[in-house]
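File shown: protein_32.txt. Contents: compact mmCIF, C-alpha atoms.
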```
# COMPACT_ATOMS: atom_id res chain seq x y z
CA MET Z 5 -203.45 38.14 -228.45
CA ASP Z 6 -202.19 35.92 -225.60
CA ASP Z 7 -205.80 35.43 -224.51
CA LEU Z 8 -206.68 34.28 -228.00
CA LYS Z 9 -203.82 31.79 -227.98
CA SER Z 10 -204.83 30.36 -224.64
CA SER Z 11 -208.44 30.08 -225.77
CA SER Z 12 -207.34 28.27 -228.94
CA ARG Z 13 -205.58 25.65 -226.83
CA ASN Z 14 -208.80 24.94 -224.97
CA ILE Z 15 -210.87 24.42 -228.11
CA THR Z 16 -211.73 20.78 -228.82
CA SER Z 17 -213.67 19.10 -231.60
CA ASP Z 18 -216.83 19.62 -229.53
CA ASN Z 19 -216.35 23.42 -229.64
CA ILE Z 20 -215.95 23.56 -233.42
CA PRO Z 21 -219.33 24.26 -235.10
CA ASP Z 22 -220.74 21.95 -237.77
CA ILE Z 23 -220.89 24.75 -240.36
CA ILE Z 24 -217.92 27.11 -240.83
CA PRO Z 25 -216.92 29.61 -243.54
CA ILE Z 26 -214.38 28.27 -246.05
CA LEU Z 27 -211.33 30.27 -247.09
CA PRO Z 28 -209.51 28.87 -250.18
CA ILE Z 29 -205.71 29.11 -249.94
CA VAL Z 30 -203.11 28.87 -252.71
CA ASP Z 31 -199.45 27.77 -252.59
CA THR Z 32 -199.41 27.32 -248.80
CA ASN Z 33 -200.60 24.93 -246.09
CA LEU Z 34 -201.75 25.28 -242.51
CA PHE Z 35 -201.23 22.42 -240.06
CA PRO Z 36 -202.91 22.03 -236.65
CA LYS Z 37 -201.05 23.89 -233.84
CA MET Z 38 -199.14 25.94 -236.42
CA VAL Z 39 -199.39 29.71 -236.95
CA LEU Z 40 -199.66 31.23 -240.43
CA PRO Z 41 -199.77 34.87 -241.66
CA LEU Z 42 -202.10 35.59 -244.59
CA VAL Z 43 -202.91 38.60 -246.75
CA LEU Z 44 -206.39 38.64 -248.28
CA ILE Z 45 -207.07 40.67 -251.41
CA GLN Z 46 -210.47 39.45 -252.57
CA HIS Z 47 -213.57 41.31 -251.41
CA GLU Z 48 -215.45 38.08 -250.59
CA ALA Z 49 -212.57 36.86 -248.40
CA VAL Z 50 -212.45 40.16 -246.51
CA GLU Z 51 -216.21 39.99 -245.92
CA LEU Z 52 -215.79 36.41 -244.66
CA ILE Z 53 -213.16 37.56 -242.15
CA ASP Z 54 -215.35 40.42 -240.94
CA GLU Z 55 -218.19 38.04 -240.09
CA ALA Z 56 -215.80 35.53 -238.52
CA MET Z 57 -214.32 38.25 -236.31
CA ALA Z 58 -217.83 39.19 -235.19
CA GLY Z 59 -218.51 35.54 -234.21
CA ASN Z 60 -216.28 32.74 -232.95
CA ARG Z 61 -213.26 33.72 -235.12
CA MET Z 62 -213.19 30.27 -236.74
CA LEU Z 63 -212.88 29.40 -240.41
CA GLY Z 64 -211.86 26.42 -242.51
CA LEU Z 65 -208.85 26.52 -244.83
CA LEU Z 66 -208.90 24.33 -247.93
CA LEU Z 67 -206.08 24.15 -250.49
CA SER Z 68 -207.12 25.06 -254.03
CA ARG Z 69 -205.98 22.97 -256.97
CA ARG Z 70 -205.66 26.18 -258.99
CA SER Z 71 -202.66 28.43 -258.51
CA ASP Z 72 -204.34 31.67 -259.65
CA ILE Z 73 -204.68 33.79 -256.53
CA ASN Z 74 -206.86 36.45 -258.17
CA SER Z 75 -209.55 34.18 -259.58
CA LYS Z 76 -212.68 33.16 -257.72
CA HIS Z 77 -212.47 29.56 -256.52
CA THR Z 78 -215.39 27.16 -256.61
CA ALA Z 79 -216.08 24.05 -254.54
CA ASP Z 80 -214.82 21.84 -257.37
CA ASP Z 81 -211.41 23.54 -257.19
CA LEU Z 82 -210.84 22.71 -253.52
CA HIS Z 83 -209.50 19.68 -251.69
CA ARG Z 84 -212.01 18.17 -249.29
CA ILE Z 85 -209.68 17.89 -246.27
CA GLY Z 86 -208.18 20.94 -244.62
CA THR Z 87 -207.57 22.66 -241.28
CA VAL Z 88 -209.94 24.53 -238.97
CA ALA Z 89 -208.23 27.74 -237.88
CA ILE Z 90 -208.86 30.51 -235.41
CA ILE Z 91 -208.02 34.15 -236.14
CA LEU Z 92 -205.44 35.41 -233.66
CA LYS Z 93 -205.09 38.88 -235.12
CA MET Z 94 -206.57 40.86 -238.00
CA SER Z 95 -205.77 44.29 -239.38
CA LYS Z 96 -207.22 46.16 -242.36
CA MET Z 97 -204.89 47.49 -245.01
CA GLU Z 98 -205.27 49.90 -247.90
CA ASP Z 99 -207.38 48.97 -250.94
CA ASP Z 100 -209.75 46.80 -248.86
CA LYS Z 101 -207.07 44.24 -248.06
CA ALA Z 102 -206.79 42.36 -244.77
CA GLN Z 103 -203.79 40.94 -242.97
CA LEU Z 104 -204.35 37.90 -240.75
CA LEU Z 105 -202.49 35.84 -238.22
CA ILE Z 106 -204.22 32.49 -237.81
CA GLN Z 107 -203.54 29.30 -235.90
CA GLY Z 108 -204.52 25.77 -236.93
CA LEU Z 109 -206.82 23.86 -234.59
CA ASN Z 110 -207.77 20.53 -236.11
CA ARG Z 111 -208.23 18.63 -239.35
CA PHE Z 112 -211.65 18.54 -240.95
CA ARG Z 113 -213.44 17.08 -243.93
CA ALA Z 114 -215.90 19.17 -245.97
CA ILE Z 115 -219.06 17.08 -246.31
CA GLU Z 116 -221.27 19.59 -248.14
CA PHE Z 117 -220.67 23.08 -249.50
CA LEU Z 118 -223.29 25.79 -248.86
CA GLN Z 119 -223.81 28.90 -250.96
CA ASP Z 120 -226.04 30.94 -248.66
CA LYS Z 121 -223.67 33.92 -248.67
CA LYS Z 122 -221.19 35.60 -250.98
CA TYR Z 123 -218.43 33.45 -249.56
CA MET Z 124 -218.44 29.65 -249.30
CA GLN Z 125 -219.53 27.75 -246.25
CA ALA Z 126 -219.36 24.02 -245.61
CA LYS Z 127 -220.85 21.43 -243.36
CA ILE Z 128 -217.81 19.72 -241.86
CA ASP Z 129 -216.75 16.66 -239.94
CA VAL Z 130 -213.81 17.13 -237.53
CA MET Z 131 -211.15 14.42 -238.00
CA GLU Z 132 -209.33 13.15 -234.91
CA SER Z 133 -205.89 11.53 -235.21
CA LYS Z 134 -205.61 7.76 -234.90
CA ASN Z 135 -202.70 5.57 -233.71
CA ALA Z 136 -201.18 8.60 -231.98
CA ASP Z 137 -199.71 6.67 -229.04
CA ARG Z 138 -195.96 6.43 -228.44
CA ASN Z 139 -195.47 2.81 -229.43
CA LYS Z 140 -192.09 1.42 -230.48
CA GLU Z 141 -192.56 1.99 -234.20
CA ASN Z 142 -193.78 5.55 -233.71
CA ARG Z 143 -190.88 6.32 -231.36
CA ALA Z 144 -188.41 4.90 -233.90
CA LEU Z 145 -189.94 7.01 -236.67
CA MET Z 146 -189.84 10.10 -234.45
CA ALA Z 147 -186.17 9.54 -233.58
CA ASN Z 148 -185.27 9.16 -237.25
CA ILE Z 149 -187.22 12.30 -238.21
CA VAL Z 150 -185.54 14.32 -235.45
CA GLU Z 151 -182.08 13.14 -236.52
CA GLN Z 152 -182.67 13.96 -240.20
CA TYR Z 153 -184.37 17.26 -239.37
CA GLU Z 154 -181.35 18.44 -237.37
CA LYS Z 155 -179.21 17.86 -240.46
CA ILE Z 156 -181.71 19.86 -242.52
CA VAL Z 157 -181.49 22.73 -240.04
CA ASP Z 158 -177.68 22.70 -240.32
CA LEU Z 159 -177.85 22.85 -244.13
CA SER Z 160 -180.71 25.38 -244.37
CA PRO Z 161 -179.78 29.02 -243.71
CA GLY Z 162 -183.48 29.92 -243.56
CA LEU Z 163 -184.16 27.69 -240.55
CA PRO Z 164 -182.89 28.94 -237.17
CA SER Z 165 -180.81 26.52 -235.09
CA GLU Z 166 -183.44 26.69 -232.32
CA MET Z 167 -185.82 24.72 -234.53
CA GLY Z 168 -183.77 21.57 -234.02
CA HIS Z 169 -183.94 21.91 -230.22
CA MET Z 170 -187.67 22.61 -230.35
CA ILE Z 171 -188.35 19.52 -232.48
CA LYS Z 172 -186.41 17.34 -230.01
CA SER Z 173 -188.61 18.58 -227.17
CA LEU Z 174 -191.85 17.45 -228.83
CA GLN Z 175 -193.24 14.24 -227.36
CA GLU Z 176 -196.51 13.85 -229.26
CA PRO Z 177 -196.06 11.96 -232.57
CA ASN Z 178 -198.86 13.80 -234.38
CA VAL Z 179 -197.56 17.24 -233.36
CA LEU Z 180 -193.99 16.30 -234.33
CA ALA Z 181 -195.10 15.13 -237.79
CA ASP Z 182 -197.15 18.28 -238.40
CA MET Z 183 -194.41 20.61 -237.16
CA VAL Z 184 -191.71 19.05 -239.34
CA ALA Z 185 -193.97 18.89 -242.42
CA SER Z 186 -194.93 22.54 -242.05
CA THR Z 187 -191.34 23.84 -241.81
CA ILE Z 188 -189.46 21.83 -244.46
CA ASN Z 189 -189.29 23.02 -248.06
CA ALA Z 190 -191.57 20.39 -249.61
CA PRO Z 191 -194.12 20.82 -252.45
CA VAL Z 192 -197.55 22.09 -251.38
CA ASN Z 193 -199.30 19.02 -252.80
CA GLU Z 194 -197.04 16.72 -250.78
CA LYS Z 195 -197.82 18.65 -247.61
CA GLN Z 196 -201.52 18.38 -248.43
CA LYS Z 197 -201.12 14.60 -248.44
CA VAL Z 198 -199.72 14.83 -244.91
CA ILE Z 199 -202.74 16.88 -243.82
CA GLU Z 200 -205.07 14.24 -245.26
CA LEU Z 201 -203.47 11.40 -243.25
CA VAL Z 202 -205.42 10.78 -240.05
CA ASP Z 203 -203.38 7.70 -239.12
CA VAL Z 204 -200.35 9.12 -237.25
CA ASN Z 205 -198.15 6.12 -238.07
CA LYS Z 206 -198.73 6.62 -241.80
CA ARG Z 207 -198.25 10.35 -241.33
CA LEU Z 208 -194.86 9.80 -239.69
CA LYS Z 209 -193.79 7.53 -242.55
CA LYS Z 210 -194.88 10.12 -245.13
CA VAL Z 211 -193.00 12.88 -243.28
CA THR Z 212 -189.93 10.60 -243.12
CA ARG Z 213 -189.94 10.32 -246.92
CA LEU Z 214 -190.31 14.09 -247.29
CA VAL Z 215 -187.48 14.72 -244.82
CA ASN Z 216 -185.18 12.26 -246.60
CA ASP Z 217 -185.91 13.84 -249.99
CA GLN Z 218 -185.29 17.32 -248.64
CA LEU Z 219 -182.05 16.25 -246.94
CA GLU Z 220 -180.82 14.61 -250.14
CA ILE Z 221 -181.50 17.80 -252.12
CA LEU Z 222 -179.75 19.96 -249.52
CA GLU Z 223 -176.73 17.65 -249.36
CA MET Z 224 -176.48 17.65 -253.14
CA GLY Z 225 -176.71 21.45 -253.18
CA SER Z 226 -174.06 21.68 -250.46
CA LYS Z 227 -171.78 19.36 -252.46
CA ILE Z 228 -172.23 21.47 -255.59
CA GLN Z 229 -171.53 24.62 -253.58
CA SER Z 230 -168.36 23.06 -252.16
CA GLN Z 231 -167.18 22.08 -255.64
CA VAL Z 232 -167.81 25.60 -256.93
CA LYS Z 233 -165.93 27.04 -253.95
CA GLU Z 234 -163.02 24.66 -254.56
CA ASP Z 235 -162.90 25.66 -258.23
CA MET Z 236 -162.95 29.33 -257.28
CA ASP Z 237 -160.20 28.77 -254.69
CA LYS Z 238 -158.15 26.93 -257.31
CA GLN Z 239 -158.60 29.77 -259.81
CA GLN Z 240 -157.65 32.35 -257.17
CA ARG Z 241 -154.58 30.30 -256.25
CA GLU Z 242 -153.55 30.01 -259.90
CA TYR Z 243 -154.04 33.76 -260.35
CA TYR Z 244 -151.91 34.45 -257.27
CA LEU Z 245 -149.15 32.11 -258.51
CA ARG Z 246 -149.25 33.66 -261.97
CA GLN Z 247 -148.87 37.11 -260.46
CA GLN Z 248 -145.90 35.85 -258.48
CA LEU Z 249 -144.42 34.29 -261.61
CA LYS Z 250 -144.93 37.55 -263.46
CA ALA Z 251 -143.10 39.46 -260.72
CA ILE Z 252 -140.23 36.95 -260.81
CA LYS Z 253 -139.93 37.24 -264.58
CA GLU Z 254 -139.90 41.01 -264.30
CA GLU Z 255 -136.99 40.72 -261.86
CA LEU Z 256 -135.16 38.44 -264.32
CA GLY Z 257 -135.87 40.77 -267.23
CA GLU Z 258 -137.67 38.08 -269.24
CA THR Z 259 -141.12 39.59 -269.42
CA GLU Z 260 -140.76 42.06 -272.26
CA ASP Z 261 -139.29 39.68 -274.84
CA GLU Z 262 -141.68 36.87 -274.00
CA SER Z 263 -144.81 39.02 -273.94
CA LEU Z 264 -143.74 40.67 -277.19
CA GLU Z 265 -143.39 37.28 -278.89
CA ILE Z 266 -146.77 36.14 -277.55
CA LYS Z 267 -148.39 39.35 -278.79
CA GLU Z 268 -146.86 38.85 -282.22
CA TYR Z 269 -148.31 35.35 -282.45
CA GLN Z 270 -151.70 36.65 -281.30
CA ALA Z 271 -151.64 39.33 -283.99
CA LYS Z 272 -150.64 36.83 -286.69
CA ILE Z 273 -153.45 34.45 -285.71
CA LYS Z 274 -155.99 37.27 -285.76
CA LYS Z 275 -154.76 38.50 -289.13
CA LYS Z 276 -154.77 35.04 -290.71
CA GLY Z 277 -158.42 34.39 -289.87
CA LEU Z 278 -157.96 30.74 -288.96
CA SER Z 279 -160.81 28.27 -288.82
CA GLN Z 280 -162.42 27.68 -285.44
CA GLU Z 281 -160.61 24.38 -284.93
CA ALA Z 282 -157.22 25.75 -285.99
CA LYS Z 283 -157.70 28.89 -283.89
CA LYS Z 284 -158.50 26.79 -280.82
CA GLU Z 285 -155.34 24.74 -281.34
CA ALA Z 286 -153.23 27.86 -281.89
CA GLN Z 287 -154.52 29.48 -278.69
CA ARG Z 288 -153.75 26.29 -276.79
CA GLU Z 289 -150.17 26.33 -278.06
CA ILE Z 290 -149.80 30.02 -277.17
CA GLN Z 291 -150.93 29.29 -273.61
CA ARG Z 292 -148.41 26.46 -273.40
CA LEU Z 293 -145.72 28.73 -274.80
CA SER Z 294 -146.45 31.46 -272.23
CA ARG Z 295 -145.83 28.98 -269.39
CA MET Z 296 -142.50 27.68 -270.77
CA HIS Z 297 -139.00 28.98 -270.27
CA PRO Z 298 -137.36 30.17 -273.51
CA SER Z 299 -134.37 27.90 -272.97
CA SER Z 300 -136.43 24.71 -272.84
CA SER Z 301 -136.61 22.38 -275.83
CA GLU Z 302 -140.42 22.35 -275.71
CA TYR Z 303 -140.42 26.13 -276.15
CA VAL Z 304 -138.61 25.76 -279.48
CA VAL Z 305 -141.03 23.04 -280.64
CA ALA Z 306 -144.08 25.14 -279.73
CA SER Z 307 -142.76 28.32 -281.34
CA THR Z 308 -141.79 26.40 -284.51
CA TYR Z 309 -145.27 24.94 -284.68
CA LEU Z 310 -146.85 28.39 -284.31
CA ASP Z 311 -144.52 29.80 -286.98
CA TRP Z 312 -145.58 27.06 -289.34
CA LEU Z 313 -149.26 27.45 -288.42
CA THR Z 314 -149.26 31.22 -289.02
CA SER Z 315 -147.34 30.95 -292.29
CA LEU Z 316 -149.91 28.77 -294.04
CA PRO Z 317 -152.21 30.53 -296.57
CA TRP Z 318 -155.46 29.77 -294.73
CA ASN Z 319 -157.77 32.17 -296.54
CA GLU Z 320 -155.58 33.06 -299.52
CA SER Z 321 -156.57 31.65 -302.89
CA SER Z 322 -156.28 32.42 -306.57
CA LYS Z 323 -158.74 31.98 -309.42
CA ASP Z 324 -157.99 29.12 -311.78
CA LYS Z 325 -157.35 29.79 -315.47
CA LEU Z 326 -158.78 26.65 -316.99
CA ASP Z 327 -157.53 27.09 -320.58
CA ILE Z 328 -156.87 23.59 -321.92
CA LYS Z 329 -155.02 24.76 -325.06
CA ALA Z 330 -152.74 27.02 -323.04
CA ALA Z 331 -152.10 24.25 -320.51
CA ARG Z 332 -151.20 21.79 -323.31
CA LYS Z 333 -148.80 24.33 -324.81
CA ILE Z 334 -147.11 24.96 -321.44
CA LEU Z 335 -146.75 21.24 -320.71
CA ASN Z 336 -145.30 20.55 -324.18
CA ASN Z 337 -142.86 23.48 -323.95
CA ASP Z 338 -141.67 22.48 -320.48
CA HIS Z 339 -141.45 18.71 -321.00
CA TYR Z 340 -140.39 16.44 -323.81
CA GLY Z 341 -142.16 13.09 -323.84
CA LEU Z 342 -144.10 12.11 -320.68
CA GLU Z 343 -147.21 11.79 -322.84
CA LYS Z 344 -149.22 9.73 -320.35
CA PRO Z 345 -148.72 12.10 -317.38
CA LYS Z 346 -149.43 15.16 -319.55
CA LYS Z 347 -152.59 13.53 -320.93
CA ARG Z 348 -153.80 12.71 -317.41
CA ILE Z 349 -153.16 16.29 -316.30
CA LEU Z 350 -155.14 17.69 -319.22
CA GLU Z 351 -158.01 15.30 -318.46
CA TYR Z 352 -157.98 16.50 -314.88
CA LEU Z 353 -158.10 20.17 -315.96
CA ALA Z 354 -160.90 19.43 -318.42
CA VAL Z 355 -163.02 17.88 -315.66
CA ARG Z 356 -162.35 20.93 -313.46
CA LYS Z 357 -163.49 23.19 -316.29
CA LEU Z 358 -166.71 21.26 -316.91
CA LYS Z 359 -167.58 20.85 -313.21
CA LYS Z 360 -166.21 23.87 -311.40
CA ASP Z 361 -167.73 22.99 -308.02
CA SER Z 362 -166.01 19.59 -307.87
CA LYS Z 363 -163.24 19.04 -305.36
CA GLY Z 364 -161.22 17.00 -307.84
CA PRO Z 365 -158.96 14.01 -307.19
CA ILE Z 366 -155.46 14.22 -305.78
CA LEU Z 367 -152.78 13.87 -308.44
CA CYS Z 368 -149.98 11.67 -307.21
CA PHE Z 369 -146.71 11.51 -309.23
CA SER Z 370 -144.29 8.74 -308.32
CA GLY Z 371 -140.90 7.83 -309.69
CA PRO Z 372 -137.17 8.13 -309.01
CA PRO Z 373 -135.50 11.54 -308.61
CA GLY Z 374 -134.98 13.57 -311.78
CA THR Z 375 -137.92 12.17 -313.76
CA GLY Z 376 -139.86 15.45 -313.80
CA LYS Z 377 -142.32 15.23 -310.88
CA THR Z 378 -141.50 18.67 -309.47
CA SER Z 379 -141.31 20.34 -312.89
CA LEU Z 380 -144.74 18.90 -313.78
CA GLY Z 381 -146.20 20.46 -310.63
CA ARG Z 382 -144.56 23.78 -311.53
CA SER Z 383 -146.04 23.57 -315.05
CA ILE Z 384 -149.53 22.91 -313.63
CA ALA Z 385 -149.19 25.98 -311.41
CA LYS Z 386 -148.13 28.07 -314.41
CA ALA Z 387 -151.10 26.80 -316.46
CA LEU Z 388 -153.60 27.53 -313.65
CA GLY Z 389 -152.09 30.87 -312.74
CA ARG Z 390 -151.32 29.76 -309.19
CA LYS Z 391 -148.27 30.07 -307.00
CA PHE Z 392 -146.13 26.97 -306.78
CA VAL Z 393 -145.39 25.74 -303.27
CA ARG Z 394 -142.91 22.96 -302.61
CA ILE Z 395 -142.97 21.50 -299.10
CA ALA Z 396 -141.18 18.37 -297.93
CA LEU Z 397 -143.21 16.65 -295.16
CA GLY Z 398 -141.81 13.87 -293.02
CA GLY Z 399 -144.71 11.42 -292.97
CA VAL Z 400 -147.54 13.97 -293.11
CA VAL Z 401 -149.69 14.50 -296.21
CA MET Z 402 -151.39 17.90 -296.33
CA LYS Z 403 -153.87 19.63 -298.58
CA LEU Z 404 -153.26 23.32 -299.23
CA LYS Z 405 -156.10 25.38 -300.65
CA SER Z 406 -153.72 27.76 -302.41
CA GLY Z 407 -151.24 25.13 -303.61
CA ALA Z 408 -150.40 24.58 -307.24
CA ILE Z 409 -152.12 21.19 -307.16
CA GLU Z 410 -154.89 19.78 -304.99
CA GLY Z 411 -152.52 17.52 -303.05
CA LEU Z 412 -148.89 16.88 -302.24
CA MET Z 413 -147.56 13.47 -303.22
CA TRP Z 414 -146.13 11.34 -300.45
CA GLU Z 415 -143.71 9.52 -302.77
CA HIS Z 416 -142.41 12.82 -304.07
CA CYS Z 417 -142.18 14.34 -300.60
CA ARG Z 418 -140.37 11.28 -299.22
CA GLU Z 419 -137.81 11.33 -302.04
CA GLU Z 420 -137.28 15.08 -301.70
CA LEU Z 421 -136.90 14.68 -297.93
CA PHE Z 422 -134.26 11.94 -298.05
CA SER Z 423 -132.40 13.27 -301.09
CA SER Z 424 -131.95 16.76 -299.61
```

Encoded form (structure tokens):
Amino acid sequence: MDDLKSSSRNITSDNIPDIIPILPIVDTNLFPKMVLPLVLIQHEAVELIDEAMAGNRMLGLLLSRRSDINSKHTADDLHRIGTVAIILKMSKMEDDKAQLLIQGLNRFRAIEFLQDKKYMQAKIDVMESKNADRNKENRALMANIVEQYEKIVDLSPGLPSEMGHMIKSLQEPNVLADMVASTINAPVNEKQKVIELVDVNKRLKKVTRLVNDQLEILEMGSKIQSQVKEDMDKQQREYYLRQQLKAIKEELGETEDESLEIKEYQAKIKKKGLSQEAKKEAQREIQRLSRMHPSSSEYVVASTYLDWLTSLPWNESSKDKLDIKAARKILNNDHYGLEKPKKRILEYLAVRKLKKDSKGPILCFSGPPGTGKTSLGRSIAKALGRKFVRIALGGVVMKLKSGAIEGLMWEHCREELFSS
């Protein structure tokens, strides 16, 4: 194998024949001076390798535009510029497969494809690099590539640290560009563009763009990984502190009562079947409550709020008895006079009876204390067959699904609040 490597170094464009067998490759690239392992599964490709091994061991690799490795590739599927390679080692495997170790020699252009045999052959033109001298611009591009590549090596666990030292030791601009392009994680089509560039200055600029893109992706990935690690560390720290707090509470004898109260609230919330929004708010308050000390004023506020939240009839309702005659009789028996309010109530009930799916307006009764606002609400509840609920709210107007009326009147609530 060492003899083959030494012989490959001595091969020049004059030693490469004008016609060579063509091996289509998929999802990979081979650059000059680079070594690539391949596994061949197609019968035509294995036959090609057998004849190449019997001759000068040379073949041309062209990237296919199709990604299907099992299909047979035609000349129209292949790029026209590729790499002449020499077979360093070949071994047969089971099921007529072949495993290769090949090394790139030089770039070539396929001028004409020949179909004399089962596998493809092509008349080629070897492409020599241009502007490959170490001028100032090329040296500046090389220095920038080396600097960025070292950062890529530091951020890439798949690249050994020795790669950075090896890149720094390269003095030829064309070899440096090919080596870096072959080892970074860039798209195959972008690497193919590097292979097609004969001008070394343009090749260095293209590789610089690929290196910068790859470094930006790696730095972004490293930043995301650091953020995830920080979040995990924060969660672990919070868990550790909570465990410490739990141990302290156990020493103070506060755990049982507090956990029992929290469990009771959890059970009430589950039993009530709150809406998604209300359940989310209740869980938030329970979490706040679990972090408070029972003697704090905020603890009382939170527990009072949860008591109120779990006492509301969220999913409890009764069926309306929309009997207009019975409602008129109840209103007349309970109230003398008040003809206009009673008429409006009966109109409201009549609309509810005709259009049962309507939400209905909010009935608002206003007036000084003792004029019959509360007793009218109680009469409506009796007529509808609902429970009567009287709640005084300080500045908050609520709508209860199971209330005696569709709404609670602010004027009434304000008067009840300040008169009590």

**Request:** Could you give me, as a ChimeraX atom specification, the residues within 8 Å of Leu145 of chain Z, counting all atoms listed in the file and dropping anything in the same chain fewer than 4 positions from it?
**Result:** /Z:141,149,208-209,212

**Item:** Nearby residues (only C-alpha atoms) at most 8 Å from segment 69-82 of chain Z, same-chain spacing under 6 positions excluded, as JSON, numbers by chain
**Value:** {"Z": [28, 30, 31, 45, 46, 117]}

**Prompt:** Which of these, Z:Gln196, Z:Asn148, Z:Gln119, Z:Ser230, has the shortest distance to Leu65 of chain Z once you count all atoms listed in the file?
**Reply:** Z:Gln196

**Request:** Please measure the separation of atom CA of Ala58 of chain Z and atom CA of Glu200 of chain Z, giving the value in Å to one decimal.
**Result:** 29.8 Å

**Prompt:** Using all atoms listed in the file, which of Z:Met97, Z:Ile90, Z:Met131, Z:Ile199 sits nearest Leu66 of chain Z?
**Reply:** Z:Ile199

**Request:** Identify the residues within 6 Å of coordinate (-212.2, 19.2, -242.2) (same frame as the file), considering all atoms listed in the file, and give the answer as a ChimeraX atom specification.
**Result:** /Z:85-87,111-114,128-130

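Between atom CA of Leu52 of chain Z and atom CA of Lys37 of chain Z the interatomic distance comes to 22.2 Å.
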
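The smallest atom-to-atom distance between Lys140 of chain Z and any of Z:Ile156, Z:Pro177, Z:Gly341, Z:Lys101, using all atoms listed in the file, is found for Z:Pro177.
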
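Take atom CA of Ile24 of chain Z and atom CA of Lys197 of chain Z: the distance between them is 22.3 Å.
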
**Residue list as an MDAnalysis selection string for point (-150.9, 36.3, -283.7), cut-off 12 Å, only C-alpha atoms** = chainID Z and resid 263:278 283 286:287 289:290 307 310:311 313:315

Filtering to C-alpha atoms, could you give me those residues as a CSV table (one decimal), in the frame of the given file?
```
chain,number,residue,atom,x,y,z
Z,263,SER,CA,-144.8,39.0,-273.9
Z,264,LEU,CA,-143.7,40.7,-277.2
Z,265,GLU,CA,-143.4,37.3,-278.9
Z,266,ILE,CA,-146.8,36.1,-277.6
Z,267,LYS,CA,-148.4,39.4,-278.8
Z,268,GLU,CA,-146.9,38.8,-282.2
Z,269,TYR,CA,-148.3,35.4,-282.4
Z,270,GLN,CA,-151.7,36.6,-281.3
Z,271,ALA,CA,-151.6,39.3,-284.0
Z,272,LYS,CA,-150.6,36.8,-286.7
Z,273,ILE,CA,-153.4,34.4,-285.7
Z,274,LYS,CA,-156.0,37.3,-285.8
Z,275,LYS,CA,-154.8,38.5,-289.1
Z,276,LYS,CA,-154.8,35.0,-290.7
Z,277,GLY,CA,-158.4,34.4,-289.9
Z,278,LEU,CA,-158.0,30.7,-289.0
Z,283,LYS,CA,-157.7,28.9,-283.9
Z,286,ALA,CA,-153.2,27.9,-281.9
Z,287,GLN,CA,-154.5,29.5,-278.7
Z,289,GLU,CA,-150.2,26.3,-278.1
Z,290,ILE,CA,-149.8,30.0,-277.2
Z,307,SER,CA,-142.8,28.3,-281.3
Z,310,LEU,CA,-146.8,28.4,-284.3
Z,311,ASP,CA,-144.5,29.8,-287.0
Z,313,LEU,CA,-149.3,27.4,-288.4
Z,314,THR,CA,-149.3,31.2,-289.0
Z,315,SER,CA,-147.3,31.0,-292.3
```
